[in-house]
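A.B. asks: Next up, entry.txt (compact mmCIF, C-alpha atoms and all ligand atoms).
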# COMPACT_ATOMS: atom_id res chain seq x y z
CA MET A 1 -101.52 1.74 -36.91
CA LEU A 2 -102.87 4.18 -34.35
CA VAL A 3 -100.14 6.48 -33.09
CA LEU A 4 -101.10 8.25 -29.89
CA ASN A 5 -99.48 11.47 -28.89
CA SER A 6 -97.81 10.69 -25.58
CA ARG A 7 -99.10 13.93 -24.11
CA THR A 8 -102.64 12.71 -24.73
CA VAL A 9 -101.82 9.32 -23.21
CA PHE A 10 -100.75 11.01 -20.00
CA GLY A 11 -103.75 13.30 -20.00
CA TYR A 12 -102.03 16.64 -20.55
CA GLU A 13 -102.21 18.69 -23.70
CA ALA A 14 -99.07 20.46 -24.86
CA ASN A 15 -99.97 23.81 -23.34
CA SER A 16 -101.91 22.74 -20.30
CA SER A 17 -100.38 23.07 -16.88
CA VAL A 18 -100.01 20.62 -14.05
CA ARG A 19 -102.05 21.81 -11.05
CA LEU A 20 -99.89 21.63 -7.93
CA GLY A 21 -101.10 21.50 -4.33
CA LEU A 22 -98.47 22.29 -1.70
CA LEU A 23 -98.72 20.32 1.56
CA GLY A 24 -96.59 22.09 4.20
CA CYS A 25 -96.13 25.79 3.43
CA GLY A 26 -92.81 26.18 5.26
CA ASN A 27 -89.32 27.18 4.27
CA ARG A 28 -88.36 24.39 1.87
CA GLY A 29 -91.88 23.67 0.68
CA SER A 30 -92.50 27.25 -0.43
CA ALA A 31 -89.08 27.51 -2.13
CA VAL A 32 -89.65 24.30 -4.11
CA ALA A 33 -93.22 25.22 -5.07
CA GLU A 34 -92.07 28.65 -6.23
CA SER A 35 -89.34 27.02 -8.28
CA PHE A 36 -91.91 24.67 -9.86
CA ALA A 37 -94.03 27.69 -10.77
CA ARG A 38 -91.11 29.65 -12.22
CA ASN A 39 -89.32 26.83 -14.05
CA THR A 40 -92.02 24.40 -15.21
CA SER A 41 -95.58 24.35 -16.49
CA ALA A 42 -96.87 23.61 -12.98
CA ARG A 43 -99.27 26.13 -11.42
CA ILE A 44 -99.79 26.47 -7.67
CA VAL A 45 -103.55 26.02 -7.20
CA ALA A 46 -103.91 24.72 -3.63
CA LEU A 47 -102.23 25.00 -0.24
CA ALA A 48 -102.49 22.92 2.92
CA ASP A 49 -100.90 23.29 6.35
CA LEU A 50 -101.49 22.24 9.92
CA PHE A 51 -101.13 25.80 11.21
CA SER A 52 -103.16 28.82 10.11
CA ASP A 53 -100.24 31.29 10.28
CA ASN A 54 -98.14 29.21 7.90
CA LEU A 55 -101.11 28.70 5.59
CA ALA A 56 -101.78 32.44 5.56
CA ALA A 57 -98.13 33.20 4.80
CA GLY A 58 -98.29 30.69 1.94
CA GLN A 59 -101.47 32.25 0.62
CA GLU A 60 -99.92 35.71 0.58
CA ARG A 61 -96.71 34.50 -1.07
CA PHE A 62 -98.35 32.38 -3.77
CA ASN A 63 -101.11 34.85 -4.57
CA LYS A 64 -98.42 37.45 -5.28
CA LEU A 65 -96.36 34.97 -7.26
CA ASN A 66 -99.31 33.74 -9.31
CA VAL A 67 -100.38 37.27 -10.18
CA SER A 68 -96.81 38.19 -11.15
CA LEU A 69 -96.80 35.18 -13.48
CA GLY A 70 -100.14 36.22 -15.03
CA GLN A 71 -102.09 33.48 -13.22
CA SER A 72 -105.06 33.52 -10.86
CA PRO A 73 -104.70 33.86 -7.10
CA ILE A 74 -105.46 30.69 -5.16
CA ASP A 75 -109.16 29.88 -4.86
CA SER A 76 -110.05 30.12 -1.16
CA LYS A 77 -111.87 26.76 -1.49
CA LEU A 78 -108.45 25.21 -2.13
CA LEU A 79 -106.90 26.35 1.15
CA PHE A 80 -106.90 23.53 3.69
CA ARG A 81 -105.93 23.81 7.35
CA GLY A 82 -105.59 21.44 10.30
CA PRO A 83 -104.72 17.79 10.94
CA HIS A 84 -106.90 16.53 8.06
CA CYS A 85 -105.65 19.00 5.48
CA PHE A 86 -103.60 16.30 3.74
CA GLU A 87 -106.75 14.23 3.14
CA GLN A 88 -108.73 17.23 1.94
CA LEU A 89 -105.94 18.13 -0.46
CA ALA A 90 -105.71 14.54 -1.69
CA ASN A 91 -109.48 14.45 -2.31
CA SER A 92 -109.46 17.68 -4.26
CA LYS A 93 -110.35 17.17 -7.92
CA GLU A 94 -108.68 20.44 -8.87
CA VAL A 95 -105.21 19.10 -8.00
CA ASP A 96 -103.01 16.84 -10.18
CA LEU A 97 -99.78 16.89 -8.18
CA ILE A 98 -99.17 17.00 -4.43
CA GLN A 99 -95.86 18.33 -3.16
CA ILE A 100 -95.25 16.86 0.31
CA SER A 101 -93.08 19.27 2.31
CA THR A 102 -94.19 18.47 5.85
CA PRO A 103 -91.78 17.34 8.60
CA PRO A 104 -90.28 13.88 7.91
CA TYR A 105 -92.40 11.98 10.47
CA PHE A 106 -95.51 12.63 8.34
CA HIS A 107 -94.09 11.89 4.87
CA VAL A 108 -95.21 8.28 4.59
CA GLN A 109 -98.72 8.93 5.92
CA HIS A 110 -99.10 11.83 3.51
CA LEU A 111 -97.61 9.85 0.61
CA GLU A 112 -100.10 7.05 1.23
CA ALA A 113 -103.09 9.40 0.99
CA ALA A 114 -101.77 11.16 -2.13
CA VAL A 115 -100.97 7.91 -3.96
CA ALA A 116 -104.34 6.38 -3.00
CA ALA A 117 -106.08 9.44 -4.45
CA GLY A 118 -104.26 8.90 -7.76
CA LYS A 119 -102.18 12.08 -7.56
CA HIS A 120 -98.67 12.57 -8.87
CA VAL A 121 -96.40 13.20 -5.89
CA TYR A 122 -93.22 15.09 -5.18
CA CYS A 123 -92.22 13.85 -1.71
CA GLU A 124 -89.40 15.39 0.27
CA LYS A 125 -86.75 13.14 1.73
CA PRO A 126 -86.54 11.12 3.93
CA VAL A 127 -89.14 8.51 2.90
CA GLY A 128 -89.67 7.29 6.46
CA VAL A 129 -88.01 8.00 9.80
CA ASP A 130 -88.09 4.42 11.14
CA ILE A 131 -88.18 0.82 9.91
CA THR A 132 -91.98 0.53 10.13
CA GLN A 133 -92.53 3.66 8.03
CA ALA A 134 -89.91 2.59 5.47
CA LYS A 135 -91.58 -0.81 5.00
CA ARG A 136 -94.99 0.84 4.69
CA ALA A 137 -93.58 3.12 1.99
CA LEU A 138 -92.40 0.06 0.03
CA GLU A 139 -95.99 -1.24 0.08
CA ILE A 140 -97.25 2.13 -1.12
CA ALA A 141 -94.71 1.95 -3.98
CA GLN A 142 -96.49 -1.18 -5.24
CA ARG A 143 -99.77 0.72 -5.47
CA VAL A 144 -98.48 3.54 -7.68
CA LYS A 145 -100.28 3.29 -11.03
CA LEU A 146 -98.36 3.20 -14.30
CA ASN A 147 -99.47 6.70 -15.27
CA GLN A 148 -98.79 8.16 -11.83
CA SER A 149 -95.41 9.79 -11.28
CA VAL A 150 -93.72 9.94 -7.86
CA ASP A 151 -90.41 11.70 -7.20
CA VAL A 152 -88.39 11.91 -3.99
CA GLY A 153 -86.55 15.15 -3.17
CA PHE A 154 -82.98 14.10 -3.92
CA GLN A 155 -82.40 17.11 -6.16
CA ILE A 156 -78.60 16.94 -5.71
CA ARG A 157 -78.57 14.11 -8.27
CA ASN A 158 -79.88 16.60 -10.82
CA ALA A 159 -77.20 19.26 -10.24
CA PRO A 160 -75.52 19.38 -13.67
CA PRO A 161 -71.88 19.11 -12.43
CA ILE A 162 -72.75 16.24 -10.09
CA ALA A 163 -74.82 14.42 -12.70
CA ALA A 164 -71.88 14.71 -15.14
CA LEU A 165 -69.45 13.35 -12.54
CA ALA A 166 -71.76 10.47 -11.59
CA MET A 167 -72.12 9.46 -15.24
CA ARG A 168 -68.33 9.23 -15.58
CA ILE A 169 -67.96 7.25 -12.38
CA LYS A 170 -70.70 4.83 -13.41
CA ASN A 171 -68.90 4.42 -16.76
CA GLY A 172 -65.80 3.29 -14.88
CA ALA A 173 -63.63 6.44 -14.88
CA LEU A 174 -62.18 5.56 -11.47
CA GLY A 175 -61.49 1.91 -12.23
CA ARG A 176 -62.09 -0.35 -9.27
CA ILE A 177 -63.36 1.81 -6.38
CA ALA A 178 -61.45 1.07 -3.18
CA THR A 179 -62.90 3.51 -0.67
CA ALA A 180 -64.92 6.71 -0.24
CA SER A 181 -65.32 9.49 2.29
CA GLY A 182 -67.98 12.13 2.87
CA ASN A 183 -68.92 14.94 5.19
CA TYR A 184 -71.82 17.23 6.06
CA ASN A 185 -70.90 20.07 8.41
CA ALA A 186 -73.74 22.52 8.90
CA PRO A 187 -74.63 25.32 11.28
CA ALA A 188 -77.31 24.94 13.95
CA SER A 189 -80.92 25.57 13.01
CA THR A 190 -82.65 28.43 14.78
CA GLU A 191 -85.47 28.21 17.30
CA LYS A 192 -89.07 28.98 16.29
CA LYS A 193 -91.09 30.30 19.19
CA ARG A 194 -94.64 31.66 19.38
CA GLU A 195 -96.41 33.43 22.18
CA GLY A 196 -98.73 31.16 24.18
CA GLU A 197 -97.94 27.92 22.38
CA GLY A 198 -97.98 24.59 24.21
CA GLN A 199 -95.21 21.98 24.30
CA ASP A 200 -96.63 19.89 21.41
CA GLU A 201 -96.84 22.89 19.11
CA TYR A 202 -93.32 23.94 20.11
CA ARG A 203 -92.09 20.44 19.21
CA LEU A 204 -93.85 20.53 15.86
CA ARG A 205 -92.45 23.93 14.96
CA ASN A 206 -88.94 22.90 16.08
CA TRP A 207 -89.17 19.47 14.49
CA LEU A 208 -85.55 19.71 13.28
CA TRP A 209 -84.38 19.23 16.90
CA ASP A 210 -86.60 16.23 17.55
CA ARG A 211 -85.60 12.66 16.64
CA VAL A 212 -89.12 11.33 16.13
CA LEU A 213 -90.21 14.19 13.91
CA SER A 214 -87.00 14.53 11.91
CA GLY A 215 -85.23 11.16 12.04
CA ASP A 216 -82.14 12.90 13.54
CA ILE A 217 -79.54 14.79 11.48
CA LEU A 218 -78.15 11.68 9.78
CA VAL A 219 -81.55 10.74 8.34
CA GLU A 220 -82.96 14.22 7.78
CA GLN A 221 -80.08 16.24 6.34
CA ASN A 222 -76.94 14.13 5.91
CA ILE A 223 -79.10 11.84 3.77
CA HIS A 224 -78.17 13.84 0.65
CA ILE A 225 -74.52 12.76 0.82
CA ILE A 226 -75.36 9.17 1.75
CA ASP A 227 -77.73 9.16 -1.22
CA LEU A 228 -74.89 10.32 -3.49
CA CYS A 229 -72.73 7.48 -2.21
CA ASN A 230 -75.44 4.84 -2.82
CA TRP A 231 -76.01 6.27 -6.27
CA MET A 232 -72.36 6.45 -7.29
CA LEU A 233 -71.54 3.00 -5.91
CA GLY A 234 -74.78 1.54 -7.25
CA ALA A 235 -75.52 -0.21 -3.93
CA HIS A 236 -76.60 0.30 -0.34
CA PRO A 237 -74.34 -0.35 2.67
CA VAL A 238 -74.35 -3.88 4.08
CA LYS A 239 -73.40 -2.78 7.60
CA ALA A 240 -72.45 0.26 9.67
CA ALA A 241 -70.49 1.08 12.81
CA THR A 242 -71.12 4.51 14.30
CA THR A 243 -69.98 6.89 17.00
CA GLY A 244 -71.33 10.33 17.81
CA GLY A 245 -73.55 12.10 20.27
CA ARG A 246 -74.88 15.38 21.57
CA ASN A 247 -71.73 16.98 22.82
CA VAL A 248 -72.33 20.72 22.62
CA LEU A 249 -76.03 21.39 21.92
CA THR A 250 -77.92 22.48 25.02
CA HIS A 251 -81.26 23.59 23.53
CA TYR A 252 -84.45 21.52 23.52
CA GLY A 253 -84.40 18.27 21.58
CA ASP A 254 -82.66 14.93 21.37
CA CYS A 255 -80.93 14.93 17.97
CA TRP A 256 -77.21 14.33 17.99
CA ASP A 257 -74.88 17.12 16.97
CA ASN A 258 -72.16 14.89 15.48
CA TYR A 259 -71.91 11.53 13.75
CA GLN A 260 -68.99 9.42 12.54
CA VAL A 261 -70.11 6.42 10.50
CA ASP A 262 -68.11 3.66 8.87
CA PHE A 263 -70.46 2.24 6.22
CA THR A 264 -69.36 -1.00 4.55
CA TYR A 265 -70.59 -1.45 0.98
CA PRO A 266 -70.35 -4.65 -1.14
CA ASN A 267 -66.78 -5.75 -2.04
CA ASP A 268 -65.57 -4.37 1.29
CA VAL A 269 -65.68 -0.78 0.06
CA HIS A 270 -65.79 1.50 3.11
CA PHE A 271 -67.48 4.89 3.12
CA SER A 272 -66.22 6.98 5.99
CA PHE A 273 -68.83 9.63 6.78
CA PHE A 274 -68.56 12.50 9.24
CA SER A 275 -71.15 15.12 10.15
CA THR A 276 -71.72 18.00 12.55
CA GLN A 277 -74.67 20.31 13.07
CA PHE A 278 -74.18 23.11 15.57
CA GLY A 279 -72.66 26.54 15.89
CA THR A 280 -73.51 29.98 14.59
CA ASP A 281 -70.36 30.73 12.61
CA GLY A 282 -72.28 29.95 9.42
CA VAL A 283 -69.60 27.58 8.15
CA PHE A 284 -71.03 25.00 5.80
CA ASP A 285 -69.18 22.25 4.00
CA ALA A 286 -70.63 19.11 2.41
CA GLY A 287 -69.49 16.66 -0.21
CA MET A 288 -67.80 13.37 -0.88
CA LYS A 289 -64.70 11.81 -2.44
CA LEU A 290 -64.20 8.44 -4.08
CA PHE A 291 -60.85 6.73 -4.59
CA GLY A 292 -60.33 4.13 -7.30
CA SER A 293 -57.54 2.19 -9.01
CA ASN A 294 -57.46 4.70 -11.92
CA GLY A 295 -57.98 7.96 -10.04
CA SER A 296 -60.08 9.82 -7.51
CA ALA A 297 -63.20 11.98 -7.70
CA THR A 298 -64.02 15.08 -5.66
CA CYS A 299 -67.66 16.10 -5.33
CA PRO A 300 -68.31 19.07 -3.03
CA TYR A 301 -71.50 21.17 -2.86
CA SER A 302 -69.19 24.12 -3.43
CA GLY A 303 -65.76 24.04 -5.10
CA PRO A 304 -64.21 22.29 -8.10
CA ILE A 305 -65.75 18.98 -9.19
CA THR A 306 -62.96 16.86 -10.61
CA ILE A 307 -61.61 13.45 -11.53
CA THR A 308 -57.87 12.86 -11.33
CA GLY A 309 -55.78 10.07 -12.84
CA SER A 310 -56.00 8.29 -16.19
CA ASN A 311 -59.48 9.71 -16.98
CA ALA A 312 -58.82 13.19 -15.62
CA TRP A 313 -61.74 15.59 -15.98
CA SER A 314 -63.16 18.65 -14.34
CA TRP A 315 -66.46 20.46 -14.58
CA GLN A 316 -65.85 23.67 -16.48
CA ASP A 317 -69.15 25.52 -16.36
CA SER A 318 -69.60 25.68 -12.64
CA LYS A 319 -70.35 29.06 -11.15
CA SER A 320 -68.52 27.92 -8.07
CA THR A 321 -65.59 30.05 -7.05
CA GLY A 322 -63.79 26.96 -5.85
CA GLU A 323 -62.48 29.00 -2.96
CA GLY A 324 -63.87 26.89 -0.17
CA SER A 325 -67.18 26.50 1.57
CA GLY A 326 -70.39 27.85 0.16
CA ALA A 327 -73.24 29.28 2.19
CA PHE A 328 -75.75 27.06 3.94
CA ALA A 329 -79.33 27.33 2.64
CA ALA A 330 -81.92 26.01 5.10
CA ASN A 331 -84.48 25.93 2.28
CA GLY A 332 -82.19 23.74 0.17
CA ALA A 333 -81.77 26.42 -2.51
CA PHE A 334 -77.97 26.31 -2.61
CA LEU A 335 -75.79 28.12 -5.10
CA ASP A 336 -72.45 26.99 -6.53
CA ASN A 337 -72.59 23.41 -7.84
CA LEU A 338 -76.22 23.01 -6.73
CA GLU A 339 -77.55 26.18 -8.32
CA PHE A 340 -79.65 24.38 -10.95
CA ALA A 341 -80.37 21.21 -8.99
CA ASP A 342 -83.96 22.10 -8.06
CA ARG A 343 -84.80 23.54 -11.45
CA ASP A 344 -83.55 20.50 -13.34
CA LYS A 345 -85.11 18.05 -10.91
CA GLU A 346 -88.49 19.74 -11.25
CA ARG A 347 -88.32 19.96 -15.03
CA THR A 348 -87.48 16.28 -15.33
CA PHE A 349 -90.32 15.41 -12.97
CA ILE A 350 -92.93 17.53 -14.76
CA ASP A 351 -91.80 16.01 -18.09
CA SER A 352 -92.44 12.57 -16.60
CA ILE A 353 -96.00 13.65 -15.78
CA VAL A 354 -96.75 15.40 -19.03
CA SER A 355 -95.16 13.06 -21.54
CA GLY A 356 -93.96 10.04 -19.57
CA PRO A 357 -92.47 7.67 -18.78
CA ALA A 358 -93.77 8.06 -15.25
CA HIS A 359 -91.31 7.88 -12.34
CA ASN A 360 -91.68 5.80 -9.22
CA GLN A 361 -88.77 6.75 -6.96
CA ILE A 362 -90.25 5.47 -3.69
CA ALA A 363 -88.20 2.27 -3.40
CA GLU A 364 -84.96 4.10 -4.17
CA GLY A 365 -85.91 6.80 -1.66
CA VAL A 366 -86.58 4.14 0.97
CA GLU A 367 -83.24 2.45 0.23
CA THR A 368 -81.41 5.68 1.01
CA ALA A 369 -83.54 6.40 4.10
CA LEU A 370 -82.80 2.89 5.37
CA SER A 371 -79.07 3.40 4.72
CA CYS A 372 -79.19 6.42 7.04
CA ILE A 373 -81.36 4.57 9.58
CA LEU A 374 -78.70 1.82 9.56
CA GLY A 375 -76.00 4.32 10.51
CA ARG A 376 -78.24 5.90 13.15
CA MET A 377 -79.18 2.53 14.66
CA ALA A 378 -75.52 1.50 14.93
CA GLY A 379 -74.86 4.77 16.77
CA TYR A 380 -77.80 4.59 19.18
CA GLN A 381 -77.18 0.88 19.92
CA LYS A 382 -73.40 1.34 20.18
CA HIS A 383 -72.52 -1.71 18.09
CA GLU A 384 -72.16 -2.65 14.43
CA VAL A 385 -75.50 -3.36 12.71
CA THR A 386 -75.93 -5.25 9.43
CA TRP A 387 -78.61 -4.41 6.87
CA ASP A 388 -80.52 -7.62 7.68
CA GLN A 389 -80.30 -7.05 11.43
CA MET A 390 -81.68 -3.56 10.89
CA LEU A 391 -84.63 -4.82 8.83
CA ALA A 392 -85.46 -7.41 11.52
CA GLN A 393 -85.96 -4.69 14.15
CA LYS A 394 -89.47 -3.44 14.86
CA GLU A 395 -88.55 0.24 15.18
CA ASN A 396 -91.88 2.10 15.21
CA TRP A 397 -91.59 5.62 16.57
CA GLN A 398 -94.60 7.37 18.09
CA LEU A 399 -95.34 11.07 18.23
CA GLY A 400 -96.82 10.72 21.71
CA PHE A 401 -99.64 13.23 21.18
CA SER A 402 -102.60 13.77 18.89
CA LEU A 403 -102.74 16.35 16.13
CA GLU A 404 -106.51 16.68 16.74
CA GLN A 405 -105.74 19.42 19.29
CA PHE A 406 -104.86 21.60 16.25
CA ALA A 407 -108.20 21.00 14.48
N1 LIG B 501 -84.33 18.50 -0.39
C1 LIG B 501 -83.76 19.42 0.36
O1 LIG B 501 -82.67 19.91 0.06
C2 LIG B 501 -84.46 19.90 1.61
C3 LIG B 501 -84.04 21.08 2.23
C4 LIG B 501 -84.73 21.52 3.38
C5 LIG B 501 -85.80 20.75 3.87
N2 LIG B 501 -86.16 19.60 3.24
C6 LIG B 501 -87.30 18.78 3.73
O2 LIG B 501 -88.49 19.51 3.47
C7 LIG B 501 -89.46 19.24 4.49
C8 LIG B 501 -89.97 20.56 5.05
O3 LIG B 501 -88.89 21.28 5.60
P1 LIG B 501 -89.01 22.85 5.91
O4 LIG B 501 -87.63 23.34 6.15
O5 LIG B 501 -89.85 23.50 4.87
O6 LIG B 501 -89.80 22.83 7.31
P2 LIG B 501 -90.75 23.99 7.88
O7 LIG B 501 -90.90 23.72 9.33
O8 LIG B 501 -90.27 25.32 7.45
O9 LIG B 501 -92.16 23.70 7.17
C9 LIG B 501 -92.97 22.60 7.47
C10 LIG B 501 -94.40 23.01 7.26
O10 LIG B 501 -95.24 21.87 7.45
C11 LIG B 501 -96.34 22.24 8.30
N3 LIG B 501 -96.78 21.03 8.99
C12 LIG B 501 -96.23 20.43 10.08
N4 LIG B 501 -96.89 19.28 10.36
C13 LIG B 501 -97.88 19.17 9.45
C14 LIG B 501 -98.90 18.21 9.23
N5 LIG B 501 -99.02 17.11 10.00
N6 LIG B 501 -99.77 18.42 8.21
C15 LIG B 501 -99.66 19.53 7.44
N7 LIG B 501 -98.71 20.47 7.60
C16 LIG B 501 -97.82 20.29 8.59
C17 LIG B 501 -95.77 23.32 9.20
O11 LIG B 501 -96.79 24.12 9.76
C18 LIG B 501 -94.86 24.07 8.26
O12 LIG B 501 -95.54 25.10 7.57
C19 LIG B 501 -88.76 18.35 5.49
O13 LIG B 501 -89.10 17.01 5.22
C20 LIG B 501 -87.29 18.52 5.21
O14 LIG B 501 -86.54 17.37 5.52
C21 LIG B 501 -85.52 19.19 2.12
For the structure just supplied, provide its representation as structure tokens.

C.D. replies:
Amino acid sequence: MLVLNSRTVFGYEANSSVRLGLLGCGNRGSAVAESFARNTSARIVALADLFSDNLAAGQERFNKLNVSLGQSPIDSKLLFRGPHCFEQLANSKEVDLIQISTPPYFHVQHLEAAVAAGKHVYCEKPVGVDITQAKRALEIAQRVKLNQSVDVGFQIRNAPPIAALAMRIKNGALGRIATASGNYNAPASTEKKREGEGQDEYRLRNWLWDRVLSGDILVEQNIHIIDLCNWMLGAHPVKAATTGGRNVLTHYGDCWDNYQVDFTYPNDVHFSFFSTQFGTDGVFDAGMKLFGSNGSATCPYSGPITITGSNAWSWQDSKSTGEGSGAFAANGAFLDNLEFADRDKERTFIDSIVSGPAHNQIAEGVETALSCILGRMAGYQKHEVTWDQMLAQKENWQLGFSLEQFA
């Protein structure tokens, strides 16, 4: 019988590295790529960005990093700029893995090009900002080849204390789950302004304030907690009723600054979710709780992670002080319970590329994006929306300008 080394099957020898191309050299993208380089066998070999200043900043950062890790600086032939940079990166033979860290509006378009080119992909959440994009992503999921690995950036699932808690909940530690609650209270994001820029460029650089580009705060940022709820309950919501609005923000943009969503899951389990995003006091607090017939679970980003009741348990190795809120990290590199989330997510992903089995997380990523879109739709339309009603809508958001002006 012929026994093939799985590393050979997947095309990587034990000591070879996975060549990573970063698409979107911004705050989160650069932090994740650096973490890949420091914690896995991936090497940063290519960079792509719409804007030359961000590409140049990426070049400087990753050249320094590569040299400090004993690797080569980035070949200038593998620096791509402008509206077609995602296609040039996808067509590059020197790249195995594309990390998509562009604003949410572009994720599905960029995912499509990377998957079609046969690359492994690490795609930031959300996978789609509207119904049309989400459905297109599900079609792309069907085209992922068996030896192609695609991850979506829900790194919170890989945080060791949260993974340990989820395993216990899935094994029935809480008994029959009756209800859940969650929150995401974050400070405002800061304005990015450049001398002489036009309105379209301003919008692109301040995409976090813009519904079309970001999906609004529920879809762009609160998605992490809604993803935890889907994961822990093993289902997506069947309907949502939402209130909220833009009560205090006065700067440019149309994203809401607060949401209150009542998600109904199967078996009439309600998830009561509350979020805010404004203010400069720096206060940050995110997490969720689940309440079951045998006990309750507490799962904050920062603070003790515990189960009470007949299967009482608490995470013992956390570096969290448990003294309240942790600090907000706009680049997603949180401390406390999330300190090792990115590292462990990236290691698991690179293992799936090097030795298999390959991942294909697109459908799961879409399910969570649609769960958030459901809550958002119920808010914008001011009435309860069911999952099926949501899917029947033809939501198809347009940017309203061409990126060719940045060629
Ligand atoms: N998983 C997490 O915890 C987490 C945390 C923060 C951000 N994110 C996600 O990461 C992504 C990037 O966020 P960020 O904070 O780095 O934003 P950012 O604005 O700092 O960076 C975005 C980069 O993409 C570039 N860009 C914009 N449009 C482009 C296009 N069409 N083609 C190529 N490049 C383009 C910009 O020039 C910029 O360099 C977003 O999807 C965001 O939702 C995830």

A.B. asks: Using all atoms listed in the file, what does the table of region 3-80 of chain A residues within 9 Å of region 96-120 of chain A look like, with each row giving the shortest atom pair and its distance in Å to one decimal, sorted by chain and ascending number, as CSV?

C.D. replies:
residue,atom,partner,partner_atom,distance
A:Val18,CA,A:Asp96,CA,6.2
A:Arg19,CA,A:Asp96,CA,5.1
A:Leu20,CA,A:Leu97,CA,4.7
A:Gly21,CA,A:Ile98,CA,4.9
A:Leu22,CA,A:Gln99,CA,5.0
A:Leu23,CA,A:Ile100,CA,5.1
A:Gly24,CA,A:Thr102,CA,4.6
A:Cys25,CA,A:Ser101,CA,7.3
A:Gly26,CA,A:Ser101,CA,7.5
A:Asn27,CA,A:Ser101,CA,9.0
A:Arg28,CA,A:Ser101,CA,7.0
A:Gly29,CA,A:Ser101,CA,4.8
A:Ser30,CA,A:Ser101,CA,8.5
A:Val32,CA,A:Gln99,CA,8.7
A:Ala33,CA,A:Gln99,CA,7.6
A:Ala42,CA,A:Leu97,CA,8.8
A:Asp49,CA,A:Thr102,CA,8.3

A.B. asks: Tell me which of A:Ser41, A:Thr179, A:Gln398, A:Ser149 sits closest to Asn267 (chain A), counting all atoms listed in the file.

C.D. replies: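 When distances to Asn267 (chain A) are compared using all atoms listed in the file, the smallest one comes from A:Thr179.
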
A.B. asks: Would you list the residues near (-72.2, 7.5, -13.4) (no more than 12 Å away, in the coordinates of the file, using only C-alpha atoms) as a PyMOL selection string?

C.D. replies: chain A and resi 157+161-174+228-234+297

A.B. asks: Next, dump the selected residues to file, keeping only C-alpha atoms, as a PDB file, in the frame of the given file.

C.D. replies:
ATOM      1  CA  ARG A 157     -78.570  14.110  -8.270  1.00  0.00           C
ATOM      2  CA  PRO A 161     -71.880  19.110 -12.430  1.00  0.00           C
ATOM      3  CA  ILE A 162     -72.750  16.240 -10.090  1.00  0.00           C
ATOM      4  CA  ALA A 163     -74.820  14.420 -12.700  1.00  0.00           C
ATOM      5  CA  ALA A 164     -71.880  14.710 -15.140  1.00  0.00           C
ATOM      6  CA  LEU A 165     -69.450  13.350 -12.540  1.00  0.00           C
ATOM      7  CA  ALA A 166     -71.760  10.470 -11.590  1.00  0.00           C
ATOM      8  CA  MET A 167     -72.120   9.460 -15.240  1.00  0.00           C
ATOM      9  CA  ARG A 168     -68.330   9.230 -15.580  1.00  0.00           C
ATOM     10  CA  ILE A 169     -67.960   7.250 -12.380  1.00  0.00           C
ATOM     11  CA  LYS A 170     -70.700   4.830 -13.410  1.00  0.00           C
ATOM     12  CA  ASN A 171     -68.900   4.420 -16.760  1.00  0.00           C
ATOM     13  CA  GLY A 172     -65.800   3.290 -14.880  1.00  0.00           C
ATOM     14  CA  ALA A 173     -63.630   6.440 -14.880  1.00  0.00           C
ATOM     15  CA  LEU A 174     -62.180   5.560 -11.470  1.00  0.00           C
ATOM     16  CA  LEU A 228     -74.890  10.320  -3.490  1.00  0.00           C
ATOM     17  CA  CYS A 229     -72.730   7.480  -2.210  1.00  0.00           C
ATOM     18  CA  ASN A 230     -75.440   4.840  -2.820  1.00  0.00           C
ATOM     19  CA  TRP A 231     -76.010   6.270  -6.270  1.00  0.00           C
ATOM     20  CA  MET A 232     -72.360   6.450  -7.290  1.00  0.00           C
ATOM     21  CA  LEU A 233     -71.540   3.000  -5.910  1.00  0.00           C
ATOM     22  CA  GLY A 234     -74.780   1.540  -7.250  1.00  0.00           C
ATOM     23  CA  ALA A 297     -63.200  11.980  -7.700  1.00  0.00           C
TER      24      ALA A 297
END

A.B. asks: Env of region 203-215 of chain A: 8 Å cut, atoms = only C-alpha atoms, seq-sep filter 4 positions within chain, self excluded. Answer as a PyMOL selection string.

C.D. replies: chain A and resi 103-106+129-130+189+191-193+199+219-220+252-255+397-399

A.B. asks: With C-alpha atoms retained, could you export that selection as a short mmCIF file (atom, residue, chain, number, x, y, z; two decimals), keeping the file's coordinate frame?

C.D. replies:
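Below you can see selection-v3.cif, which holds the result:
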data_model
loop_
_atom_site.label_atom_id
_atom_site.label_comp_id
_atom_site.auth_asym_id
_atom_site.auth_seq_id
_atom_site.Cartn_x
_atom_site.Cartn_y
_atom_site.Cartn_z
CA PRO A 103 -91.78 17.34 8.60
CA PRO A 104 -90.28 13.88 7.91
CA TYR A 105 -92.40 11.98 10.47
CA PHE A 106 -95.51 12.63 8.34
CA VAL A 129 -88.01 8.00 9.80
CA ASP A 130 -88.09 4.42 11.14
CA SER A 189 -80.92 25.57 13.01
CA GLU A 191 -85.47 28.21 17.30
CA LYS A 192 -89.07 28.98 16.29
CA LYS A 193 -91.09 30.30 19.19
CA GLN A 199 -95.21 21.98 24.30
CA VAL A 219 -81.55 10.74 8.34
CA GLU A 220 -82.96 14.22 7.78
CA TYR A 252 -84.45 21.52 23.52
CA GLY A 253 -84.40 18.27 21.58
CA ASP A 254 -82.66 14.93 21.37
CA CYS A 255 -80.93 14.93 17.97
CA TRP A 397 -91.59 5.62 16.57
CA GLN A 398 -94.60 7.37 18.09
CA LEU A 399 -95.34 11.07 18.23
#

A.B. asks: Using only C-alpha atoms and all ligand atoms, which residue out of A:Ile217, A:Ala392, A:Val144, A:Leu65 lies closest to ligand LIG 501 (chain B)?

C.D. replies: A:Ile217
